[in-house]
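Below: one structure, written as structure tokens.
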Amino acid sequence: SNTVQKHQEIVNRPMGTSHYVGLREGISGVLYVISRCKMAEVSLTTSPQIIDAACRNLFDTCRNTSQPVEPGLFSGSYGIAIALASAIDAGLIAADAEIIECIQKCLGASTEGYNLANGAAGKGMALLCCLPFLSHAFAKEEMQTVVDTLLQQQQSDGSWLSSSGNQKPLKVSGYGYGVAGILCFMIAHYSQFHDECVRTSLIKGLTWLKRTVKRKKDNVFWYRDNKKSTIDIWLMEGISGIALCFIKAYEALGQADYKTLAEEVLWTFPRMYVSGRLSLAEGIAGLGEVYLEAHVAFGGDEWLIRANAISQQLLHTSRFLEGRRYWIVEDNSNPTADFMIGNSGILHFLLRQLKTGNTPFPLFPK
């Protein structure tokens, strides 16, 4: 992966590469997509030796007590757990005792905060994805802790607070770092366990999102948080991620107003939307994933037509080297395999577009 610049400064962009193990950028995200392709019966040329080396790298990282991996879904230990569980599910590696122990160790780490990226909701989503490979006692205890934390920390208006350094906590709207992502976990949990306390909390949170929606002419949107009037359109921090939340809510609860609001948001985008931003997290691959989810949930041709248009745009903007197709994603100067901000995320969207209905939305349990 390209080296991540943690602090925004007016300097020349670093050209180096670094080793990462996470889902957002790093080995876990690539292994996750390879596993999804295998489960969808899409043939790959990736050698077993490369897959074994990737799994061994993640396994060794988990066991390294001198430099423990931070907890978190996008860049931390929960993402590693999902990657290893997906590899087992796809038959790429065996579910031996050491690997299962490693997965449980990754999931056992506690976290502060509540969001999907690096908080309790992310841990909960990882537990759901790894559930078939966890001991019943471990899964029950860890999941109950997650659910209790989210129920206790939900505000009276239905939102959750997000810390922002030394500043006053914010109410963030979006999928990756805000209320929509927490609710997506609650939806996934309710769909599996039908916990009425979770359902009550879920409806309360959805009501907060409905109450904070903005409308201007034909546009339907949310501000990124309750302090600044900034708008984002992409999956991770913007309106397409919130649309996903309402699509999933409609699937789980069947309330027509959730479908109506999700479609209103998606109609905000032009039918043939063109953008130079290509990634899953912050580009058209992520929007395409949401269109596919709308097609699965709502039926009809409109959202599939839009997803097909995005796939054609991606195919026409790809490049070739020695007969292999790749993309230069966002601000990168060279191709990376990363899941959320690189080529693997684009491939995941194209996989789902090819196998519509058979491959779940990224990082959601089957």
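Residues are named by chain letter and number: chains run A, B, ... in the order of the structure tokens, numbers start at 1 in each chain, and ligands are numbered from 1 in the order shown.
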Legend entry - Non-local contacts of Lys248 in chain A (8 Å; only C-alpha atoms; under 6 positions in same chain excluded) as a PyMOL selection string: chain A and resi 184+187+297
Per residue of range 216-285 of chain A within 8 Å of range 321-330 of chain A, note the shortest atom pair and the distance in Å to one decimal, counting only C-alpha atoms, and order the rows by chain and increasing residue number, as a Markdown table.
```
| residue | atom | partner | partner_atom | distance |
| --- | --- | --- | --- | --- |
| A:Gly276 | CA | A:Glu330 | CA | 7.4 |
| A:Arg277 | CA | A:Glu330 | CA | 5.4 |
| A:Leu278 | CA | A:Val329 | CA | 5.8 |
| A:Ser279 | CA | A:Val329 | CA | 6.2 |
```
Limited to N, CA, C and O atoms, could you put the picked residues into a file as a JSON list (two decimals), in the first residue's frame?
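The resulting file, selection12.json, is shown below:
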```
[["chain", "number", "residue", "atom", "x", "y", "z"],
["A", 276, "GLY", "N", -14.28, 11.05, -11.36],
["A", 276, "GLY", "CA", -12.92, 10.54, -11.38],
["A", 276, "GLY", "C", -12.54, 9.81, -10.11],
["A", 276, "GLY", "O", -11.46, 9.21, -10.04],
["A", 277, "ARG", "N", -13.40, 9.85, -9.12],
["A", 277, "ARG", "CA", -13.15, 9.12, -7.88],
["A", 277, "ARG", "C", -13.73, 7.71, -8.03],
["A", 277, "ARG", "O", -14.91, 7.55, -8.28],
["A", 278, "LEU", "N", -12.88, 6.70, -7.83],
["A", 278, "LEU", "CA", -13.23, 5.34, -8.22],
["A", 278, "LEU", "C", -13.38, 4.36, -7.06],
["A", 278, "LEU", "O", -13.94, 3.28, -7.24],
["A", 279, "SER", "N", -12.95, 4.71, -5.87],
["A", 279, "SER", "CA", -12.78, 3.73, -4.80],
["A", 279, "SER", "C", -14.09, 3.29, -4.16],
["A", 279, "SER", "O", -15.16, 3.87, -4.38]]
```
Check which residues of range 125-194 of chain A sit at most 12 Å from range 65-77 of chain A using only C-alpha atoms, and return one row each with the closest pair of atoms and their distance in Å to one decimal, ordered by chain and rising number, as a tab-separated table.
```
residue	atom	partner	partner_atom	distance
A:Met125	CA	A:Leu73	CA	8.4
A:Ala126	CA	A:Leu73	CA	7.1
A:Leu127	CA	A:Leu73	CA	10.5
A:Cys129	CA	A:Leu73	CA	11.5
A:Gly176	CA	A:Phe74	CA	8.9
A:Tyr177	CA	A:Phe74	CA	10.6
A:Gly181	CA	A:Leu73	CA	11.7
```
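The smallest atom-to-atom distance between Cys62 in chain A and any of A:Ala94, A:Leu287, A:Leu23, A:Leu107, using only C-alpha atoms, is found for A:Leu107.
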